[in-house]
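Asks: This is the structure I want to talk about, given as structure tokens.
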Amino acid sequence: MPPDSDKQDPTPNEAGTPATPKSSSRRSFLAQAGAVGAVASLGPLAIFAEKHDQPAETQDASMAELGHTSSLTFIVNGKEQNLKIDPRTTLLDCLRENMDLTGTKKGCDHGQCGACTVLVDGKRVNACLTLAIMCHGKNVITIEGLGSPEHLHPLQEAFITHDGYQCGYCTSGQIMSAMGLLSESGHLDPTAIKQGMSGNICRCGAYNNIVAAIQEAQSKMGVQS
Ligand code: FES
Ligand code: FES
């Protein structure tokens, strides 16, 4: 049977793999497709591709143009929040950018440092690895919901008393993680505290003081074994 010329693969290169055009990319393909009049059918994708490498606000605008927003209702630090957000928004960005709760820090943005730890329905999570829409109907607590400058939470007081920080960048994540740990595990000895807090990295190396702070706070909080 003669080959169907319309379905022939691109000319193979020397390595035997199909040749691809130089500088080929999804974005350039879509741009070219738009240039030859295919934009009518590729309209939304072309808009997305055009703005794909642009700043977050512009990308958000693209998603809004596409109608890709999601409704999110959840409780944050005791208050109900109703938001329309890009469904790709992480809980971390939602808290910091949409709600101005900047006490939760972005360290690695890859689930490696624990700086972004918050509580979701009482469990500690890395907010950078959690999509905000996954928290629909849930209860989120951040460092801002733990205490106030006038009435610090015992963990916050203990971190101050024991110098459980130097630069302070990891501190809100350390404190929220300690909150989660103590409710998961009850009263802990120093070795168990180190183990339980191992997902929270401190570049300043304040580990001994952090453990001392958690030890003291758990007693003040009346955490039982
Ligand atoms: S910022 Fe989330 S784990 Fe580092
Ligand atoms: S206090 Fe600086 S990273 Fe922990």
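If you're wondering about the labels, chains in the structure tokens are A, B, ... by order shown, residues count from 1 in each chain, ligands from 1 in order shown.
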Residues of chain A within 9 Å of ligand 2: nearest atom pair and distance (Å, one decimal) for each, counting only C-alpha atoms and all ligand atoms, sorted by chain and number, as JSON lines?
Replies:
```
{"residue": "A:Ala115", "atom": "CA", "partner": "ligand 2", "partner_atom_place_in_ligand_line": "3 (S)", "distance": 8.5}
{"residue": "A:Gly164", "atom": "CA", "partner": "ligand 2", "partner_atom_place_in_ligand_line": "1 (S)", "distance": 7.1}
{"residue": "A:Tyr165", "atom": "CA", "partner": "ligand 2", "partner_atom_place_in_ligand_line": "1 (S)", "distance": 3.8}
{"residue": "A:Gln166", "atom": "CA", "partner": "ligand 2", "partner_atom_place_in_ligand_line": "1 (S)", "distance": 4.1}
{"residue": "A:Cys167", "atom": "CA", "partner": "ligand 2", "partner_atom_place_in_ligand_line": "2 (Fe)", "distance": 3.9}
{"residue": "A:Gly168", "atom": "CA", "partner": "ligand 2", "partner_atom_place_in_ligand_line": "1 (S)", "distance": 4.0}
{"residue": "A:Tyr169", "atom": "CA", "partner": "ligand 2", "partner_atom_place_in_ligand_line": "3 (S)", "distance": 5.1}
{"residue": "A:Cys170", "atom": "CA", "partner": "ligand 2", "partner_atom_place_in_ligand_line": "4 (Fe)", "distance": 4.4}
{"residue": "A:Thr171", "atom": "CA", "partner": "ligand 2", "partner_atom_place_in_ligand_line": "4 (Fe)", "distance": 5.9}
{"residue": "A:Gln174", "atom": "CA", "partner": "ligand 2", "partner_atom_place_in_ligand_line": "4 (Fe)", "distance": 8.2}
{"residue": "A:Asn200", "atom": "CA", "partner": "ligand 2", "partner_atom_place_in_ligand_line": "4 (Fe)", "distance": 8.8}
{"residue": "A:Ile201", "atom": "CA", "partner": "ligand 2", "partner_atom_place_in_ligand_line": "4 (Fe)", "distance": 6.9}
{"residue": "A:Cys202", "atom": "CA", "partner": "ligand 2", "partner_atom_place_in_ligand_line": "4 (Fe)", "distance": 3.6}
{"residue": "A:Arg203", "atom": "CA", "partner": "ligand 2", "partner_atom_place_in_ligand_line": "3 (S)", "distance": 4.0}
{"residue": "A:Cys204", "atom": "CA", "partner": "ligand 2", "partner_atom_place_in_ligand_line": "2 (Fe)", "distance": 4.3}
{"residue": "A:Gly205", "atom": "CA", "partner": "ligand 2", "partner_atom_place_in_ligand_line": "4 (Fe)", "distance": 6.4}
{"residue": "A:Ala206", "atom": "CA", "partner": "ligand 2", "partner_atom_place_in_ligand_line": "1 (S)", "distance": 6.1}
{"residue": "A:Tyr207", "atom": "CA", "partner": "ligand 2", "partner_atom_place_in_ligand_line": "4 (Fe)", "distance": 8.2}
```
Asks: Got a sec to check which residues lie within 12 Å of ligand 1, using only C-alpha atoms and all ligand atoms, and send them as a PDB file with all heavy atoms, in the first residue's frame?
Replies:
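result30.pdb, written as the output of this step:
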```pdb
ATOM      1  N   THR A  90      -1.499  28.818  45.047  1.00  0.00           N
ATOM      2  CA  THR A  90      -1.202  28.023  46.244  1.00  0.00           C
ATOM      3  C   THR A  90      -1.800  28.715  47.463  1.00  0.00           C
ATOM      4  O   THR A  90      -2.060  29.927  47.459  1.00  0.00           O
ATOM      5  CB  THR A  90       0.312  27.880  46.466  1.00  0.00           C
ATOM      6  OG1 THR A  90       0.872  29.179  46.688  1.00  0.00           O
ATOM      7  CG2 THR A  90       0.989  27.192  45.291  1.00  0.00           C
ATOM      8  N   LEU A  91      -1.972  27.931  48.510  1.00  0.00           N
ATOM      9  CA  LEU A  91      -2.466  28.519  49.762  1.00  0.00           C
ATOM     10  C   LEU A  91      -1.502  29.604  50.227  1.00  0.00           C
ATOM     11  O   LEU A  91      -1.925  30.654  50.726  1.00  0.00           O
ATOM     12  CB  LEU A  91      -2.609  27.403  50.818  1.00  0.00           C
ATOM     13  CG  LEU A  91      -3.041  27.856  52.208  1.00  0.00           C
ATOM     14  CD1 LEU A  91      -4.382  28.573  52.180  1.00  0.00           C
ATOM     15  CD2 LEU A  91      -3.092  26.651  53.156  1.00  0.00           C
ATOM     16  N   LEU A  92      -0.210  29.369  50.044  1.00  0.00           N
ATOM     17  CA  LEU A  92       0.787  30.358  50.472  1.00  0.00           C
ATOM     18  C   LEU A  92       0.595  31.687  49.750  1.00  0.00           C
ATOM     19  O   LEU A  92       0.552  32.747  50.381  1.00  0.00           O
ATOM     20  CB  LEU A  92       2.203  29.807  50.205  1.00  0.00           C
ATOM     21  CG  LEU A  92       3.358  30.743  50.522  1.00  0.00           C
ATOM     22  CD1 LEU A  92       3.337  31.187  51.977  1.00  0.00           C
ATOM     23  CD2 LEU A  92       4.693  30.066  50.198  1.00  0.00           C
ATOM     24  N   ASP A  93       0.464  31.648  48.435  1.00  0.00           N
ATOM     25  CA  ASP A  93       0.272  32.895  47.680  1.00  0.00           C
ATOM     26  C   ASP A  93      -1.080  33.521  47.989  1.00  0.00           C
ATOM     27  O   ASP A  93      -1.217  34.742  48.032  1.00  0.00           O
ATOM     28  CB  ASP A  93       0.417  32.642  46.178  1.00  0.00           C
ATOM     29  CG  ASP A  93       1.870  32.443  45.779  1.00  0.00           C
ATOM     30  OD1 ASP A  93       2.756  32.852  46.557  1.00  0.00           O
ATOM     31  OD2 ASP A  93       2.125  31.881  44.702  1.00  0.00           O
ATOM     32  N   ARG A  96      -0.672  35.308  51.321  1.00  0.00           N
ATOM     33  CA  ARG A  96       0.235  36.471  51.257  1.00  0.00           C
ATOM     34  C   ARG A  96      -0.253  37.541  50.272  1.00  0.00           C
ATOM     35  O   ARG A  96      -0.229  38.720  50.583  1.00  0.00           O
ATOM     36  CB  ARG A  96       1.649  36.013  50.848  1.00  0.00           C
ATOM     37  CG  ARG A  96       2.365  35.194  51.942  1.00  0.00           C
ATOM     38  CD  ARG A  96       3.776  34.808  51.486  1.00  0.00           C
ATOM     39  NE  ARG A  96       4.540  35.978  51.147  1.00  0.00           N
ATOM     40  CZ  ARG A  96       5.205  36.727  52.021  1.00  0.00           C
ATOM     41  NH1 ARG A  96       5.222  36.400  53.293  1.00  0.00           N
ATOM     42  NH2 ARG A  96       5.870  37.793  51.617  1.00  0.00           N
ATOM     43  N   THR A 104       3.140  34.353  57.171  1.00  0.00           N
ATOM     44  CA  THR A 104       3.541  33.050  56.616  1.00  0.00           C
ATOM     45  C   THR A 104       4.571  33.309  55.526  1.00  0.00           C
ATOM     46  O   THR A 104       4.306  34.064  54.587  1.00  0.00           O
ATOM     47  CB  THR A 104       2.308  32.321  56.034  1.00  0.00           C
ATOM     48  OG1 THR A 104       1.316  32.217  57.052  1.00  0.00           O
ATOM     49  CG2 THR A 104       2.679  30.919  55.562  1.00  0.00           C
ATOM     50  N   LYS A 105       5.731  32.696  55.671  1.00  0.00           N
ATOM     51  CA  LYS A 105       6.865  33.044  54.804  1.00  0.00           C
ATOM     52  C   LYS A 105       7.059  32.070  53.653  1.00  0.00           C
ATOM     53  O   LYS A 105       6.766  30.884  53.763  1.00  0.00           O
ATOM     54  CB  LYS A 105       8.165  33.091  55.623  1.00  0.00           C
ATOM     55  CG  LYS A 105       8.126  34.088  56.758  1.00  0.00           C
ATOM     56  CD  LYS A 105       7.860  35.493  56.277  1.00  0.00           C
ATOM     57  CE  LYS A 105       7.869  36.508  57.403  1.00  0.00           C
ATOM     58  NZ  LYS A 105       7.246  37.773  57.036  1.00  0.00           N
ATOM     59  N   LYS A 106       7.594  32.626  52.566  1.00  0.00           N
ATOM     60  CA  LYS A 106       7.979  31.793  51.416  1.00  0.00           C
ATOM     61  C   LYS A 106       9.494  31.624  51.450  1.00  0.00           C
ATOM     62  O   LYS A 106      10.234  32.585  51.257  1.00  0.00           O
ATOM     63  CB  LYS A 106       7.552  32.457  50.106  1.00  0.00           C
ATOM     64  CG  LYS A 106       7.867  31.603  48.895  1.00  0.00           C
ATOM     65  CD  LYS A 106       7.433  32.265  47.595  1.00  0.00           C
ATOM     66  CE  LYS A 106       5.951  32.179  47.358  1.00  0.00           C
ATOM     67  NZ  LYS A 106       5.543  32.589  45.990  1.00  0.00           N
ATOM     68  N   GLY A 107       9.914  30.404  51.759  1.00  0.00           N
ATOM     69  CA  GLY A 107      11.347  30.127  51.772  1.00  0.00           C
ATOM     70  C   GLY A 107      11.763  29.513  50.459  1.00  0.00           C
ATOM     71  O   GLY A 107      12.281  30.183  49.563  1.00  0.00           O
ATOM     72  N   CYS A 108      11.499  28.209  50.318  1.00  0.00           N
ATOM     73  CA  CYS A 108      11.931  27.486  49.116  1.00  0.00           C
ATOM     74  C   CYS A 108      10.833  27.444  48.054  1.00  0.00           C
ATOM     75  O   CYS A 108      11.110  27.305  46.877  1.00  0.00           O
ATOM     76  CB  CYS A 108      12.312  26.065  49.498  1.00  0.00           C
ATOM     77  SG  CYS A 108      10.929  25.132  50.194  1.00  0.00           S
ATOM     78  N   ASP A 109       9.566  27.497  48.482  1.00  0.00           N
ATOM     79  CA  ASP A 109       8.412  27.324  47.596  1.00  0.00           C
ATOM     80  C   ASP A 109       8.381  25.928  46.979  1.00  0.00           C
ATOM     81  O   ASP A 109       7.750  25.710  45.953  1.00  0.00           O
ATOM     82  CB  ASP A 109       8.424  28.390  46.483  1.00  0.00           C
ATOM     83  CG  ASP A 109       7.021  28.754  46.017  1.00  0.00           C
ATOM     84  OD1 ASP A 109       6.055  28.449  46.742  1.00  0.00           O
ATOM     85  OD2 ASP A 109       6.883  29.329  44.919  1.00  0.00           O
ATOM     86  N   HIS A 110       9.086  24.984  47.584  1.00  0.00           N
ATOM     87  CA  HIS A 110       9.148  23.612  47.053  1.00  0.00           C
ATOM     88  C   HIS A 110       8.930  22.545  48.125  1.00  0.00           C
ATOM     89  O   HIS A 110       9.340  21.400  47.949  1.00  0.00           O
ATOM     90  CB  HIS A 110      10.505  23.367  46.399  1.00  0.00           C
ATOM     91  CG  HIS A 110      10.624  23.979  45.045  1.00  0.00           C
ATOM     92  ND1 HIS A 110      10.973  25.296  44.858  1.00  0.00           N
ATOM     93  CD2 HIS A 110      10.425  23.461  43.811  1.00  0.00           C
ATOM     94  CE1 HIS A 110      10.990  25.555  43.563  1.00  0.00           C
ATOM     95  NE2 HIS A 110      10.652  24.468  42.898  1.00  0.00           N
ATOM     96  N   GLY A 111       8.389  22.911  49.274  1.00  0.00           N
ATOM     97  CA  GLY A 111       8.134  21.897  50.298  1.00  0.00           C
ATOM     98  C   GLY A 111       9.368  21.401  51.006  1.00  0.00           C
ATOM     99  O   GLY A 111       9.348  20.299  51.566  1.00  0.00           O
ATOM    100  N   GLN A 112      10.424  22.195  51.013  1.00  0.00           N
ATOM    101  CA  GLN A 112      11.671  21.698  51.596  1.00  0.00           C
ATOM    102  C   GLN A 112      12.065  22.370  52.908  1.00  0.00           C
ATOM    103  O   GLN A 112      12.910  21.841  53.622  1.00  0.00           O
ATOM    104  CB  GLN A 112      12.805  21.880  50.582  1.00  0.00           C
ATOM    105  CG  GLN A 112      12.618  21.009  49.362  1.00  0.00           C
ATOM    106  CD  GLN A 112      13.524  21.406  48.211  1.00  0.00           C
ATOM    107  OE1 GLN A 112      14.154  22.463  48.234  1.00  0.00           O
ATOM    108  NE2 GLN A 112      13.602  20.549  47.213  1.00  0.00           N
ATOM    109  N   CYS A 113      11.513  23.538  53.220  1.00  0.00           N
ATOM    110  CA  CYS A 113      12.059  24.292  54.365  1.00  0.00           C
ATOM    111  C   CYS A 113      11.081  24.446  55.523  1.00  0.00           C
ATOM    112  O   CYS A 113      11.510  24.669  56.652  1.00  0.00           O
ATOM    113  CB  CYS A 113      12.528  25.664  53.908  1.00  0.00           C
ATOM    114  SG  CYS A 113      11.181  26.824  53.509  1.00  0.00           S
ATOM    115  N   GLY A 114       9.794  24.360  55.277  1.00  0.00           N
ATOM    116  CA  GLY A 114       8.806  24.483  56.353  1.00  0.00           C
ATOM    117  C   GLY A 114       8.473  25.920  56.740  1.00  0.00           C
ATOM    118  O   GLY A 114       7.636  26.137  57.622  1.00  0.00           O
ATOM    119  N   ALA A 115       9.076  26.907  56.085  1.00  0.00           N
ATOM    120  CA  ALA A 115       8.814  28.311  56.459  1.00  0.00           C
ATOM    121  C   ALA A 115       7.346  28.690  56.262  1.00  0.00           C
ATOM    122  O   ALA A 115       6.848  29.627  56.881  1.00  0.00           O
ATOM    123  CB  ALA A 115       9.700  29.248  55.642  1.00  0.00           C
ATOM    124  N   CYS A 116       6.655  27.966  55.394  1.00  0.00           N
ATOM    125  CA  CYS A 116       5.269  28.309  55.042  1.00  0.00           C
ATOM    126  C   CYS A 116       4.234  27.505  55.836  1.00  0.00           C
ATOM    127  O   CYS A 116       3.063  27.500  55.478  1.00  0.00           O
ATOM    128  CB  CYS A 116       5.068  28.010  53.553  1.00  0.00           C
ATOM    129  SG  CYS A 116       5.266  26.255  53.186  1.00  0.00           S
ATOM    130  N   THR A 117       4.672  26.849  56.921  1.00  0.00           N
ATOM    131  CA  THR A 117       3.754  25.950  57.635  1.00  0.00           C
ATOM    132  C   THR A 117       2.562  26.703  58.246  1.00  0.00           C
ATOM    133  O   THR A 117       2.731  27.725  58.908  1.00  0.00           O
ATOM    134  CB  THR A 117       4.498  25.210  58.770  1.00  0.00           C
ATOM    135  OG1 THR A 117       5.645  24.565  58.220  1.00  0.00           O
ATOM    136  CG2 THR A 117       3.598  24.181  59.439  1.00  0.00           C
ATOM    137  N   VAL A 118       1.369  26.186  57.980  1.00  0.00           N
ATOM    138  CA  VAL A 118       0.138  26.692  58.614  1.00  0.00           C
ATOM    139  C   VAL A 118      -0.681  25.468  59.037  1.00  0.00           C
ATOM    140  O   VAL A 118      -0.339  24.336  58.679  1.00  0.00           O
ATOM    141  CB  VAL A 118      -0.701  27.574  57.645  1.00  0.00           C
ATOM    142  CG1 VAL A 118       0.076  28.811  57.232  1.00  0.00           C
ATOM    143  CG2 VAL A 118      -1.155  26.782  56.426  1.00  0.00           C
ATOM    144  N   ARG A 124      -0.761  20.380  60.415  1.00  0.00           N
ATOM    145  CA  ARG A 124       0.225  21.263  59.785  1.00  0.00           C
ATOM    146  C   ARG A 124       0.439  20.865  58.329  1.00  0.00           C
ATOM    147  O   ARG A 124       0.537  19.680  58.010  1.00  0.00           O
ATOM    148  CB  ARG A 124       1.539  21.264  60.561  1.00  0.00           C
ATOM    149  CG  ARG A 124       2.074  19.899  60.901  1.00  0.00           C
ATOM    150  CD  ARG A 124       3.244  19.981  61.854  1.00  0.00           C
ATOM    151  NE  ARG A 124       3.640  18.650  62.292  1.00  0.00           N
ATOM    152  CZ  ARG A 124       4.830  18.338  62.751  1.00  0.00           C
ATOM    153  NH1 ARG A 124       5.764  19.252  62.844  1.00  0.00           N
ATOM    154  NH2 ARG A 124       5.104  17.112  63.129  1.00  0.00           N
ATOM    155  N   VAL A 125       0.498  21.853  57.483  1.00  0.00           N
ATOM    156  CA  VAL A 125       0.743  21.614  56.053  1.00  0.00           C
ATOM    157  C   VAL A 125       1.727  22.657  55.545  1.00  0.00           C
ATOM    158  O   VAL A 125       1.858  23.742  56.115  1.00  0.00           O
ATOM    159  CB  VAL A 125      -0.544  21.710  55.187  1.00  0.00           C
ATOM    160  CG1 VAL A 125      -1.605  20.744  55.660  1.00  0.00           C
ATOM    161  CG2 VAL A 125      -1.087  23.123  55.163  1.00  0.00           C
ATOM    162  N   ASN A 126       2.425  22.290  54.476  1.00  0.00           N
ATOM    163  CA  ASN A 126       3.246  23.268  53.770  1.00  0.00           C
ATOM    164  C   ASN A 126       2.309  24.027  52.820  1.00  0.00           C
ATOM    165  O   ASN A 126       1.807  23.458  51.847  1.00  0.00           O
ATOM    166  CB  ASN A 126       4.346  22.584  52.960  1.00  0.00           C
ATOM    167  CG  ASN A 126       5.451  22.041  53.846  1.00  0.00           C
ATOM    168  OD1 ASN A 126       5.715  22.591  54.910  1.00  0.00           O
ATOM    169  ND2 ASN A 126       6.096  20.975  53.420  1.00  0.00           N
ATOM    170  N   ALA A 127       2.116  25.301  53.100  1.00  0.00           N
ATOM    171  CA  ALA A 127       1.171  26.073  52.281  1.00  0.00           C
ATOM    172  C   ALA A 127       1.649  26.221  50.842  1.00  0.00           C
ATOM    173  O   ALA A 127       0.840  26.436  49.939  1.00  0.00           O
ATOM    174  CB  ALA A 127       0.949  27.455  52.911  1.00  0.00           C
ATOM    175  N   CYS A 128       2.952  26.077  50.614  1.00  0.00           N
ATOM    176  CA  CYS A 128       3.464  26.212  49.239  1.00  0.00           C
ATOM    177  C   CYS A 128       3.128  24.986  48.399  1.00  0.00           C
ATOM    178  O   CYS A 128       3.209  25.039  47.175  1.00  0.00           O
ATOM    179  CB  CYS A 128       4.970  26.461  49.240  1.00  0.00           C
ATOM    180  SG  CYS A 128       5.968  25.045  49.744  1.00  0.00           S
ATOM    181  N   LEU A 129       2.782  23.876  49.049  1.00  0.00           N
ATOM    182  CA  LEU A 129       2.450  22.647  48.306  1.00  0.00           C
ATOM    183  C   LEU A 129       0.945  22.384  48.295  1.00  0.00           C
ATOM    184  O   LEU A 129       0.506  21.322  47.864  1.00  0.00           O
ATOM    185  CB  LEU A 129       3.160  21.435  48.937  1.00  0.00           C
ATOM    186  CG  LEU A 129       4.681  21.395  48.857  1.00  0.00           C
ATOM    187  CD1 LEU A 129       5.186  20.063  49.408  1.00  0.00           C
ATOM    188  CD2 LEU A 129       5.158  21.569  47.416  1.00  0.00           C
ATOM    189  N   THR A 130       0.181  23.327  48.810  1.00  0.00           N
ATOM    190  CA  THR A 130      -1.263  23.134  48.928  1.00  0.00           C
ATOM    191  C   THR A 130      -1.977  24.161  48.062  1.00  0.00           C
ATOM    192  O   THR A 130      -1.726  25.364  48.189  1.00  0.00           O
ATOM    193  CB  THR A 130      -1.693  23.350  50.402  1.00  0.00           C
ATOM    194  OG1 THR A 130      -0.902  22.513  51.242  1.00  0.00           O
ATOM    195  CG2 THR A 130      -3.161  23.042  50.602  1.00  0.00           C
ATOM    196  N   LEU A 131      -2.832  23.702  47.184  1.00  0.00           N
ATOM    197  CA  LEU A 131      -3.624  24.660  46.411  1.00  0.00           C
ATOM    198  C   LEU A 131      -4.677  25.285  47.324  1.00  0.00           C
ATOM    199  O   LEU A 131      -5.297  24.576  48.138  1.00  0.00           O
ATOM    200  CB  LEU A 131      -4.312  23.968  45.236  1.00  0.00           C
ATOM    201  CG  LEU A 131      -3.403  23.548  44.079  1.00  0.00           C
ATOM    202  CD1 LEU A 131      -4.200  22.771  43.036  1.00  0.00           C
ATOM    203  CD2 LEU A 131      -2.712  24.743  43.444  1.00  0.00           C
ATOM    204  N   TYR A 169      13.212  34.508  59.936  1.00  0.00           N
ATOM    205  CA  TYR A 169      12.468  34.161  58.719  1.00  0.00           C
ATOM    206  C   TYR A 169      11.726  32.828  58.846  1.00  0.00           C
ATOM    207  O   TYR A 169      10.619  32.678  58.331  1.00  0.00           O
ATOM    208  CB  TYR A 169      13.407  34.125  57.502  1.00  0.00           C
ATOM    209  CG  TYR A 169      12.652  34.260  56.207  1.00  0.00           C
ATOM    210  CD1 TYR A 169      12.245  35.513  55.750  1.00  0.00           C
ATOM    211  CD2 TYR A 169      12.300  33.141  55.461  1.00  0.00           C
ATOM    212  CE1 TYR A 169      11.510  35.645  54.589  1.00  0.00           C
ATOM    213  CE2 TYR A 169      11.569  33.265  54.294  1.00  0.00           C
ATOM    214  CZ  TYR A 169      11.187  34.509  53.864  1.00  0.00           C
ATOM    215  OH  TYR A 169      10.458  34.644  52.708  1.00  0.00           O
ATOM    216  N   CYS A 170      12.335  31.890  59.559  1.00  0.00           N
ATOM    217  CA  CYS A 170      11.694  30.567  59.687  1.00  0.00           C
ATOM    218  C   CYS A 170      10.716  30.508  60.844  1.00  0.00           C
ATOM    219  O   CYS A 170      10.026  29.503  61.028  1.00  0.00           O
ATOM    220  CB  CYS A 170      12.770  29.492  59.892  1.00  0.00           C
ATOM    221  SG  CYS A 170      13.530  29.561  61.543  1.00  0.00           S
ATOM    222  N   SER A 172       7.826  31.861  62.058  1.00  0.00           N
ATOM    223  CA  SER A 172       6.376  31.600  62.048  1.00  0.00           C
ATOM    224  C   SER A 172       6.112  30.151  61.646  1.00  0.00           C
ATOM    225  O   SER A 172       5.216  29.504  62.215  1.00  0.00           O
ATOM    226  CB  SER A 172       5.645  32.578  61.128  1.00  0.00           C
ATOM    227  OG  SER A 172       6.186  32.559  59.849  1.00  0.00           O
ATOM    228  N   GLY A 173       6.892  29.642  60.713  1.00  0.00           N
ATOM    229  CA  GLY A 173       6.731  28.233  60.320  1.00  0.00           C
ATOM    230  C   GLY A 173       7.094  27.304  61.471  1.00  0.00           C
ATOM    231  O   GLY A 173       6.426  26.291  61.700  1.00  0.00           O
ATOM    232  N   GLN A 174       8.149  27.660  62.220  1.00  0.00           N
ATOM    233  CA  GLN A 174       8.558  26.826  63.364  1.00  0.00           C
ATOM    234  C   GLN A 174       7.436  26.791  64.409  1.00  0.00           C
ATOM    235  O   GLN A 174       7.092  25.731  64.942  1.00  0.00           O
ATOM    236  CB  GLN A 174       9.825  27.403  64.024  1.00  0.00           C
ATOM    237  CG  GLN A 174      11.046  27.504  63.130  1.00  0.00           C
ATOM    238  CD  GLN A 174      11.818  26.203  62.985  1.00  0.00           C
ATOM    239  OE1 GLN A 174      11.415  25.167  63.534  1.00  0.00           O
ATOM    240  NE2 GLN A 174      12.900  26.242  62.234  1.00  0.00           N
ATOM    241  N   SER A 177       4.394  24.869  63.166  1.00  0.00           N
ATOM    242  CA  SER A 177       4.711  23.441  63.137  1.00  0.00           C
ATOM    243  C   SER A 177       4.701  22.873  64.556  1.00  0.00           C
ATOM    244  O   SER A 177       4.205  21.762  64.791  1.00  0.00           O
ATOM    245  CB  SER A 177       6.082  23.243  62.474  1.00  0.00           C
ATOM    246  OG  SER A 177       6.312  21.885  62.242  1.00  0.00           O
ATOM    247  N   SER A 198      11.670  18.141  62.367  1.00  0.00           N
ATOM    248  CA  SER A 198      12.772  17.991  61.403  1.00  0.00           C
ATOM    249  C   SER A 198      12.434  18.560  60.024  1.00  0.00           C
ATOM    250  O   SER A 198      13.336  18.809  59.230  1.00  0.00           O
ATOM    251  CB  SER A 198      13.175  16.514  61.276  1.00  0.00           C
ATOM    252  OG  SER A 198      12.065  15.760  60.833  1.00  0.00           O
ATOM    253  N   GLY A 199      11.162  18.793  59.741  1.00  0.00           N
ATOM    254  CA  GLY A 199      10.801  19.375  58.443  1.00  0.00           C
ATOM    255  C   GLY A 199      10.940  20.888  58.402  1.00  0.00           C
ATOM    256  O   GLY A 199      10.716  21.495  57.360  1.00  0.00           O
ATOM    257  N   ASN A 200      11.304  21.472  59.529  1.00  0.00           N
ATOM    258  CA  ASN A 200      11.442  22.930  59.584  1.00  0.00           C
ATOM    259  C   ASN A 200      12.916  23.302  59.696  1.00  0.00           C
ATOM    260  O   ASN A 200      13.553  23.055  60.719  1.00  0.00           O
ATOM    261  CB  ASN A 200      10.647  23.494  60.764  1.00  0.00           C
ATOM    262  CG  ASN A 200       9.162  23.417  60.520  1.00  0.00           C
ATOM    263  OD1 ASN A 200       8.553  22.349  60.652  1.00  0.00           O
ATOM    264  ND2 ASN A 200       8.566  24.502  60.101  1.00  0.00           N
ATOM    265  N   ILE A 201      13.406  23.889  58.628  1.00  0.00           N
ATOM    266  CA  ILE A 201      14.835  24.214  58.558  1.00  0.00           C
ATOM    267  C   ILE A 201      15.060  25.639  59.066  1.00  0.00           C
ATOM    268  O   ILE A 201      14.278  26.541  58.786  1.00  0.00           O
ATOM    269  CB  ILE A 201      15.330  24.135  57.088  1.00  0.00           C
ATOM    270  CG1 ILE A 201      14.937  22.795  56.463  1.00  0.00           C
ATOM    271  CG2 ILE A 201      16.830  24.381  56.998  1.00  0.00           C
ATOM    272  CD1 ILE A 201      15.500  21.588  57.134  1.00  0.00           C
ATOM    273  N   CYS A 202      16.165  25.796  59.817  1.00  0.00           N
ATOM    274  CA  CYS A 202      16.552  27.127  60.283  1.00  0.00           C
ATOM    275  C   CYS A 202      17.967  27.405  59.798  1.00  0.00           C
ATOM    276  O   CYS A 202      18.918  26.799  60.270  1.00  0.00           O
ATOM    277  CB  CYS A 202      16.493  27.196  61.805  1.00  0.00           C
ATOM    278  SG  CYS A 202      17.089  28.781  62.457  1.00  0.00           S
ATOM    279  N   ARG A 203      18.070  28.316  58.844  1.00  0.00           N
ATOM    280  CA  ARG A 203      19.397  28.636  58.297  1.00  0.00           C
ATOM    281  C   ARG A 203      20.311  29.241  59.344  1.00  0.00           C
ATOM    282  O   ARG A 203      21.522  29.150  59.252  1.00  0.00           O
ATOM    283  CB  ARG A 203      19.256  29.632  57.136  1.00  0.00           C
ATOM    284  CG  ARG A 203      18.879  28.994  55.839  1.00  0.00           C
ATOM    285  CD  ARG A 203      18.655  30.031  54.787  1.00  0.00           C
ATOM    286  NE  ARG A 203      19.804  30.924  54.642  1.00  0.00           N
ATOM    287  CZ  ARG A 203      20.003  31.710  53.595  1.00  0.00           C
ATOM    288  NH1 ARG A 203      19.135  31.721  52.621  1.00  0.00           N
ATOM    289  NH2 ARG A 203      21.048  32.487  53.530  1.00  0.00           N
TER     290      ARG A 203
END
```
Asks: Write out as a count of residues only which residues come within 7 Å of Ile85 (chain A) when counting only C-alpha atoms, dropping same-chain ones fewer than 3 positions away.
Replies: 4
Asks: Report as number ranges by chain all protein, DNA and RNA residues lying within 9 Å of Val211 (chain A), evaluated on only C-alpha atoms, omitting residues in the same chain fewer than 2 positions from it.
Replies: A: 164, 190-191, 193-194, 197, 206-209, 213-216
Asks: Kindly indicate which residue among A:Ile175, A:Leu188, A:Leu83, A:Leu95 lies nearest to Glu157 (chain A), using only C-alpha atoms for the distances.
Replies: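 Looking only at the distances to Glu157 (chain A), the closest residue turns out to be A:Ile175.
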Asks: Using only C-alpha atoms, which of A:Val76, A:Lys220, A:Asn139, A:Ser225 sits nearest Asp100 (chain A)?
Replies: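 Closest candidate: A:Val76.
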